[in-house]
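Participant: Below you will find the structure I want to go over with you.
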Amino acid sequence: MFATRTNWEFSSNRLVLLHDSLKKKNEEIIDLTQSNPTECGFYYPEEEIVKALSNSSNLVYSPSSKGMLSARKIVSGYYKDKGYEVDPENIFLTSSTSEGYLFLFRLLADPGDKILFPSPSYPLFEVLTQLNDLELVPYPLKYDQWSLDKTVFDELSGGAKAIVAVNPNNPTGSFVEDDDLQIINDACSKIEASIICDEVFLDYSFEDNAKPNSLVGNKMNLTFVLGGLSKALGMPQMKLAWIVVNGPDRLVKEAKKRLEIIADTFLSVNIPSQNALEKWMQCRSVIQKDIFKRVRENKETLRSMISGNNKFKMLDAKGGWYSVLRLPGSVDEEEFCYELLREKKVFVHPGYFFDFSEGSHIVVSLLPQKRMFEEGLKAFCSQ
Ligand SMILES: Cc1ncc(COP(=O)(O)O)c(C=O)c1O
């Protein structure tokens, strides 16, 4: 009856089962996996955000395959603020970054083709490739510095249609540095693959003077950059994201022609969000200020609370909303997370959730409110 691509393993592991059973019993859980910014008590200029939706133009359906030009110009302005020139004609609006991936996979790859993804990274990618009948091929990010292993890319001999980079990466917080980009560009040129760069966390660096470079200016290969409001404004519910197409002119022209048909088939971005985008983007610095403050303060709290505790090593990171802690090799990460939840009702993600292949890790969200965050840390420091 059902497609084999949906033959997922539905049974939950014991950590998830425990979490669900505690929830069912209404037990209070300190959730250090929180990733939904709208539930973290951040300041949102409510009046401006809501007022922007009260627009009589929302009563008119004005479909456009790439999204409304007025909204694409605002996205172009977002990059201009960062010093990049992006032609609004090279921007496609989508309802989410995940949908952006879907459009690009339909554009670039046939069933069975390979897509390279960084590992560790965000677990969404596995399902996205499955849903598109593609093969996910992980490439390792090596700590120290989360650098790329050039030999992995030198050994590529075709078959891959795209190399995905995540900048900054979730959860490692690493940037695509110039050296990394060189390796990816060389590999893509050699095997005629495209680059898909997921930049949803682009605005979030831990230091003001160390920001990631966007790949919207990468001309060497056909490059698609993904961004969106889910992180840029901390508003995933508004369902507005984008793809920027860039690279050699001939390929960009061809990609846009094809992508337009895909986007036109769905016309998935709602008109009210597009009309509100200009006003919402004006709230960006106010919203981000609060998120920055929280994330940076929590990171410092985490650093100071684990200093002197030789059970945890905080791995270097440059941006994003997460911190990765390494546990001693003798500690089983799942057992650690399970006991922490069972005994102290504190929920953290084990490294395998993000496809850490070596060592023992836990991943902590830096979004939770101060009191809850500190309580959670105290609990796991004494575990
Ligand atoms: C790296 C990364 N890419 C994409 C997404 C999904 O973003 P969206 O809500 O725009 O689909 C997430 C969500 O957390 C993410 O961490």
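As shown in the structure tokens, the chain order sets the letters A, B, ...; within each chain, residues go from 1, and ligands are also counted from 1 in the order they appear.
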I want to know what sits within 7 Å of stretch 24-35 of chain A, based on only C-alpha atoms, with residues of the same chain fewer than 5 positions away left out; could you give that as a PyMOL selection string?
Facilitator: chain A and resi 345-349+364-365+367-368+372-373+376
Participant: Could you give me, as a list in words, every polymer residue with an atom at most 6 Å away from an atom of ligand 1, counting only C-alpha atoms and all ligand atoms?
Facilitator: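 Listed by chain and ascending number, the contacts are Ser96, Thr97, Ser98, Tyr122, Asn170, Asp198, Val200, Gly228, Ser230, Pro236 and Ala241 of chain A.
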Participant: Kindly save the residues from that selection, with N, CA, C and O atoms included, as a compact mmCIF listing (two decimals), in the first residue's frame.
Facilitator:
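To be explicit, this is the file written out as again.txt:
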# COMPACT_ATOMS: atom_id res chain seq x y z
N SER A 96 9.73 27.55 3.52
CA SER A 96 10.69 27.19 4.57
C SER A 96 12.00 26.79 3.90
O SER A 96 12.03 26.54 2.69
N THR A 97 13.04 26.71 4.70
CA THR A 97 14.31 26.25 4.16
C THR A 97 14.19 24.79 3.73
O THR A 97 14.76 24.38 2.71
N SER A 98 13.43 24.03 4.51
CA SER A 98 13.25 22.61 4.17
C SER A 98 12.63 22.48 2.79
O SER A 98 13.03 21.62 1.99
N TYR A 122 22.56 18.66 11.17
CA TYR A 122 21.16 18.65 11.59
C TYR A 122 20.42 17.42 11.05
O TYR A 122 20.54 17.10 9.86
N ASN A 170 24.83 23.55 12.31
CA ASN A 170 24.07 23.16 13.50
C ASN A 170 24.35 21.68 13.76
O ASN A 170 24.08 20.87 12.89
N ASP A 198 23.42 26.13 3.34
CA ASP A 198 22.34 26.42 4.28
C ASP A 198 22.86 27.48 5.25
O ASP A 198 23.72 27.22 6.08
N VAL A 200 20.88 29.44 7.37
CA VAL A 200 19.79 29.93 8.24
C VAL A 200 20.34 30.62 9.51
O VAL A 200 19.72 31.51 10.04
N GLY A 228 16.28 32.22 5.78
CA GLY A 228 14.85 32.35 6.07
C GLY A 228 14.56 33.01 7.41
O GLY A 228 15.46 33.24 8.22
N SER A 230 12.94 31.80 9.90
CA SER A 230 12.86 30.95 11.09
C SER A 230 13.98 31.28 12.08
O SER A 230 13.78 31.22 13.29
N PRO A 236 9.74 31.11 12.96
CA PRO A 236 9.51 29.99 12.05
C PRO A 236 8.05 29.88 11.62
O PRO A 236 7.73 29.34 10.57
N ALA A 241 10.98 31.81 3.57
CA ALA A 241 12.42 31.54 3.43
C ALA A 241 12.81 31.86 1.99
O ALA A 241 11.98 32.34 1.21
Participant: Skipping near chain neighbours, those fewer than 6 positions away, what residues fall within 10 Å of A:Gln182 using only C-alpha atoms, listed as a PyMOL selection string?
Facilitator: chain A and resi 150+176+188+220
Participant: Generate the output file for the selected residues, all heavy atoms, as a short mmCIF file (atom, residue, chain, number, x, y, z; two decimals), in the first residue's frame.
Facilitator:
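Dumped to part_12.cif:
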data_model
loop_
_atom_site.label_atom_id
_atom_site.label_comp_id
_atom_site.auth_asym_id
_atom_site.auth_seq_id
_atom_site.Cartn_x
_atom_site.Cartn_y
_atom_site.Cartn_z
N LYS A 150 40.39 17.08 3.24
CA LYS A 150 40.51 17.28 1.79
C LYS A 150 40.54 15.96 1.03
O LYS A 150 40.01 15.85 -0.08
CB LYS A 150 41.79 18.09 1.52
CG LYS A 150 41.95 18.54 0.09
CD LYS A 150 43.12 19.52 -0.03
CE LYS A 150 43.34 19.98 -1.45
NZ LYS A 150 43.45 18.94 -2.43
N VAL A 176 31.81 27.99 7.33
CA VAL A 176 32.50 27.56 6.11
C VAL A 176 33.61 28.59 5.88
O VAL A 176 33.35 29.72 5.47
CB VAL A 176 31.54 27.51 4.90
CG1 VAL A 176 32.29 27.18 3.62
CG2 VAL A 176 30.43 26.47 5.14
N CYS A 188 33.46 20.40 -6.48
CA CYS A 188 32.28 20.61 -7.34
C CYS A 188 32.71 20.83 -8.79
O CYS A 188 32.05 20.33 -9.71
CB CYS A 188 31.46 21.80 -6.85
SG CYS A 188 30.48 21.40 -5.41
N MET A 220 32.27 30.52 -8.52
CA MET A 220 33.02 29.45 -9.20
C MET A 220 32.14 28.29 -9.67
O MET A 220 32.36 27.71 -10.72
CB MET A 220 34.12 28.95 -8.26
CG MET A 220 35.19 28.19 -9.04
SD MET A 220 36.36 27.42 -7.96
CE MET A 220 37.42 28.75 -7.59
#
Participant: What's the 10 Å shell around A:Gln130, counting only C-alpha atoms, without same-chain residues fewer than 3 positions away, as a ChimeraX atom specification?
Facilitator: /A:4-6,8,111-112,125-127,133-136
Participant: From a DSSP pass on the backbone, collect the residues of stretch 80-208 of chain A flagged as strand (DSSP E or B) and hand them back as an MDAnalysis selection string.
Facilitator: chainID A and resid 91:94 114:119 135:142 147:148 160:166 194:198 205
Participant: Using only C-alpha atoms, which protein or nucleic acid residues come within 10 Å of A:Glu207? Drop anything in the same chain fewer than 4 positions from it, and give the result as number ranges by chain.
Facilitator: A: 211, 292, 296, 318-319
Participant: For the residues in that selection, give me N, CA and C atoms as a PDB file, in the first residue's frame.
Facilitator:
ATOM      1  N   LYS A 211      32.463  37.104  11.957  1.00  0.00           N
ATOM      2  CA  LYS A 211      31.191  36.718  11.337  1.00  0.00           C
ATOM      3  C   LYS A 211      31.448  35.808  10.142  1.00  0.00           C
ATOM      4  N   PHE A 292      20.759  37.243  20.715  1.00  0.00           N
ATOM      5  CA  PHE A 292      22.227  37.292  20.881  1.00  0.00           C
ATOM      6  C   PHE A 292      22.618  37.294  22.348  1.00  0.00           C
ATOM      7  N   ARG A 296      24.695  34.257  24.030  1.00  0.00           N
ATOM      8  CA  ARG A 296      26.073  34.529  24.465  1.00  0.00           C
ATOM      9  C   ARG A 296      26.212  34.391  25.982  1.00  0.00           C
ATOM     10  N   LYS A 318      31.736  28.880  16.715  1.00  0.00           N
ATOM     11  CA  LYS A 318      31.779  30.303  16.364  1.00  0.00           C
ATOM     12  C   LYS A 318      30.404  30.949  16.256  1.00  0.00           C
ATOM     13  N   GLY A 319      29.373  30.137  16.117  1.00  0.00           N
ATOM     14  CA  GLY A 319      28.055  30.746  15.967  1.00  0.00           C
ATOM     15  C   GLY A 319      26.930  29.742  16.122  1.00  0.00           C
TER      16      GLY A 319
END
Participant: Can you tell me which residues surround A:Gln274 at a distance of at most 8 Å, considering only C-alpha atoms, apart from same-chain residues fewer than 4 positions away, and format the answer as a ChimeraX atom specification?
Facilitator: /A:67-68,70-71,240,269-270
Participant: From a DSSP pass on the backbone, collect the residues of stretch 164-258 of chain A flagged as alpha helix (DSSP H) and hand them back as a list in words.
Facilitator: Asp178, Asp179, Asp180, Leu181, Gln182, Ile183, Ile184, Asn185, Asp186, Ala187, Cys188, Ser189, Lys190, Ile191, Leu229, Ser230, Lys231, Ala232, Asp249, Arg250, Leu251, Val252, Lys253, Glu254, Ala255, Lys256, Lys257 and Arg258 of chain A
Participant: Excluding A:Ser189 and residues on its chain fewer than 2 positions from it, collect all residues at most 12 Å away from it, counting only C-alpha atoms, and give them as a ChimeraX atom specification.
Facilitator: /A:153-154,156-158,160-163,181-187,191-195,219-223,247-248
Participant: Those same residues, written as an mmCIF file, in the first residue's frame with N, CA and C atoms?
Facilitator:
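After the write, selection-v1.cif holds the following:
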data_model
loop_
_atom_site.group_PDB
_atom_site.id
_atom_site.type_symbol
_atom_site.label_atom_id
_atom_site.label_comp_id
_atom_site.auth_asym_id
_atom_site.auth_seq_id
_atom_site.Cartn_x
_atom_site.Cartn_y
_atom_site.Cartn_z
ATOM 1 N N PHE A 153 37.320 14.641 -0.315
ATOM 2 C CA PHE A 153 36.818 15.324 -1.514
ATOM 3 C C PHE A 153 37.687 14.987 -2.736
ATOM 4 N N ASP A 154 38.990 14.800 -2.492
ATOM 5 C CA ASP A 154 39.884 14.432 -3.612
ATOM 6 C C ASP A 154 39.490 13.082 -4.188
ATOM 7 N N LEU A 156 36.491 11.877 -4.439
ATOM 8 C CA LEU A 156 35.165 11.849 -5.088
ATOM 9 C C LEU A 156 35.347 11.650 -6.585
ATOM 10 N N SER A 157 34.536 10.752 -7.126
ATOM 11 C CA SER A 157 34.737 10.510 -8.557
ATOM 12 C C SER A 157 33.393 10.555 -9.292
ATOM 13 N N GLY A 158 32.608 11.531 -8.985
ATOM 14 C CA GLY A 158 31.328 11.675 -9.684
ATOM 15 C C GLY A 158 30.192 11.022 -8.940
ATOM 16 N N ALA A 160 27.850 12.436 -7.337
ATOM 17 C CA ALA A 160 27.204 13.350 -6.385
ATOM 18 C C ALA A 160 26.706 14.567 -7.151
ATOM 19 N N LYS A 161 25.471 14.968 -6.879
ATOM 20 C CA LYS A 161 24.892 16.095 -7.598
ATOM 21 C C LYS A 161 25.055 17.407 -6.844
ATOM 22 N N ALA A 162 25.251 17.314 -5.556
ATOM 23 C CA ALA A 162 25.413 18.546 -4.784
ATOM 24 C C ALA A 162 26.204 18.275 -3.517
ATOM 25 N N ILE A 163 26.950 19.291 -3.124
ATOM 26 C CA ILE A 163 27.607 19.250 -1.817
ATOM 27 C C ILE A 163 26.910 20.297 -0.953
ATOM 28 N N LEU A 181 35.807 26.373 1.684
ATOM 29 C CA LEU A 181 35.116 26.725 0.434
ATOM 30 C C LEU A 181 35.974 26.329 -0.766
ATOM 31 N N GLN A 182 37.277 26.529 -0.616
ATOM 32 C CA GLN A 182 38.191 26.152 -1.713
ATOM 33 C C GLN A 182 38.080 24.650 -1.990
ATOM 34 N N ILE A 183 38.069 23.859 -0.928
ATOM 35 C CA ILE A 183 37.974 22.403 -1.087
ATOM 36 C C ILE A 183 36.641 22.030 -1.753
ATOM 37 N N ILE A 184 35.568 22.655 -1.292
ATOM 38 C CA ILE A 184 34.240 22.341 -1.849
ATOM 39 C C ILE A 184 34.146 22.807 -3.298
ATOM 40 N N ASN A 185 34.652 23.994 -3.567
ATOM 41 C CA ASN A 185 34.625 24.496 -4.954
ATOM 42 C C ASN A 185 35.427 23.592 -5.885
ATOM 43 N N ASP A 186 36.612 23.189 -5.441
ATOM 44 C CA ASP A 186 37.454 22.320 -6.298
ATOM 45 C C ASP A 186 36.724 21.009 -6.578
ATOM 46 N N ALA A 187 36.109 20.451 -5.525
ATOM 47 C CA ALA A 187 35.416 19.168 -5.701
ATOM 48 C C ALA A 187 34.229 19.326 -6.652
ATOM 49 N N ILE A 191 33.652 17.297 -10.232
ATOM 50 C CA ILE A 191 32.586 16.312 -10.482
ATOM 51 C C ILE A 191 31.311 16.941 -11.045
ATOM 52 N N GLU A 192 31.387 18.211 -11.383
ATOM 53 C CA GLU A 192 30.241 18.957 -11.940
ATOM 54 C C GLU A 192 29.019 18.879 -11.027
ATOM 55 N N ALA A 193 29.245 19.199 -9.793
ATOM 56 C CA ALA A 193 28.144 19.229 -8.824
ATOM 57 C C ALA A 193 27.892 20.677 -8.404
ATOM 58 N N SER A 194 26.737 20.911 -7.811
ATOM 59 C CA SER A 194 26.406 22.250 -7.313
ATOM 60 C C SER A 194 26.679 22.327 -5.821
ATOM 61 N N ILE A 195 26.689 23.552 -5.340
ATOM 62 C CA ILE A 195 26.811 23.764 -3.884
ATOM 63 C C ILE A 195 25.456 24.233 -3.357
ATOM 64 N N LYS A 219 31.131 32.536 -7.126
ATOM 65 C CA LYS A 219 30.900 32.520 -8.578
ATOM 66 C C LYS A 219 31.434 31.257 -9.237
ATOM 67 N N MET A 220 32.272 30.517 -8.522
ATOM 68 C CA MET A 220 33.025 29.454 -9.195
ATOM 69 C C MET A 220 32.144 28.292 -9.669
ATOM 70 N N ASN A 221 31.132 27.969 -8.856
ATOM 71 C CA ASN A 221 30.226 26.869 -9.214
ATOM 72 C C ASN A 221 28.787 27.329 -9.022
ATOM 73 N N LEU A 222 27.885 26.552 -9.616
ATOM 74 C CA LEU A 222 26.474 26.854 -9.393
ATOM 75 C C LEU A 222 26.212 26.699 -7.890
ATOM 76 N N THR A 223 25.746 27.779 -7.278
ATOM 77 C CA THR A 223 25.631 27.811 -5.815
ATOM 78 C C THR A 223 24.240 28.284 -5.413
ATOM 79 N N GLY A 247 26.458 31.938 -9.353
ATOM 80 C CA GLY A 247 27.457 31.084 -10.010
ATOM 81 C C GLY A 247 27.704 31.533 -11.433
ATOM 82 N N PRO A 248 28.255 30.651 -12.268
ATOM 83 C CA PRO A 248 28.531 31.015 -13.663
ATOM 84 C C PRO A 248 27.216 31.372 -14.386
#
Participant: Measuring atom to atom with only C-alpha atoms, identify which of A:Val216, A:Ile49, A:Cys337, A:Leu233 is nearest to A:Asp203.
Facilitator: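 The answer is A:Leu233, which sits nearest to A:Asp203.
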Participant: Point out the residue among A:Gln383, A:Asn298, A:Asn275, A:Ser330 with the least atom-to-atom distance to A:Ser360, counting only C-alpha atoms.
Facilitator: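 Of A:Gln383, A:Asn298, A:Asn275, A:Ser330, the one nearest A:Ser360 is A:Ser330, counting only C-alpha atoms.
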Participant: Looking at only C-alpha atoms, which of A:Leu141, A:Leu102, A:Leu215, A:Ala255 is the one that sits closest to A:Asn90?
Facilitator: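 When distances to A:Asn90 are compared using only C-alpha atoms, the smallest one comes from A:Ala255.
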Participant: Please report the interatomic distance between atom CA of A:Phe92 and atom CA of A:Leu107 in Å with one decimal.
Facilitator: 13.2 Å
Participant: Return the single residue from A:Arg303, A:Lys231, A:Arg294, A:Arg342 that is closest to A:Asn36, with distances computed using only C-alpha atoms.
Facilitator: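 Among A:Arg303, A:Lys231, A:Arg294, A:Arg342, it is A:Lys231 that comes nearest to A:Asn36.
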Participant: Which is closest to A:Phe380 among A:Asp355, A:Glu339, A:Asp178, A:Glu297, if we use only C-alpha atoms?
Facilitator: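 Smallest separation from A:Phe380 among the options: A:Glu339.
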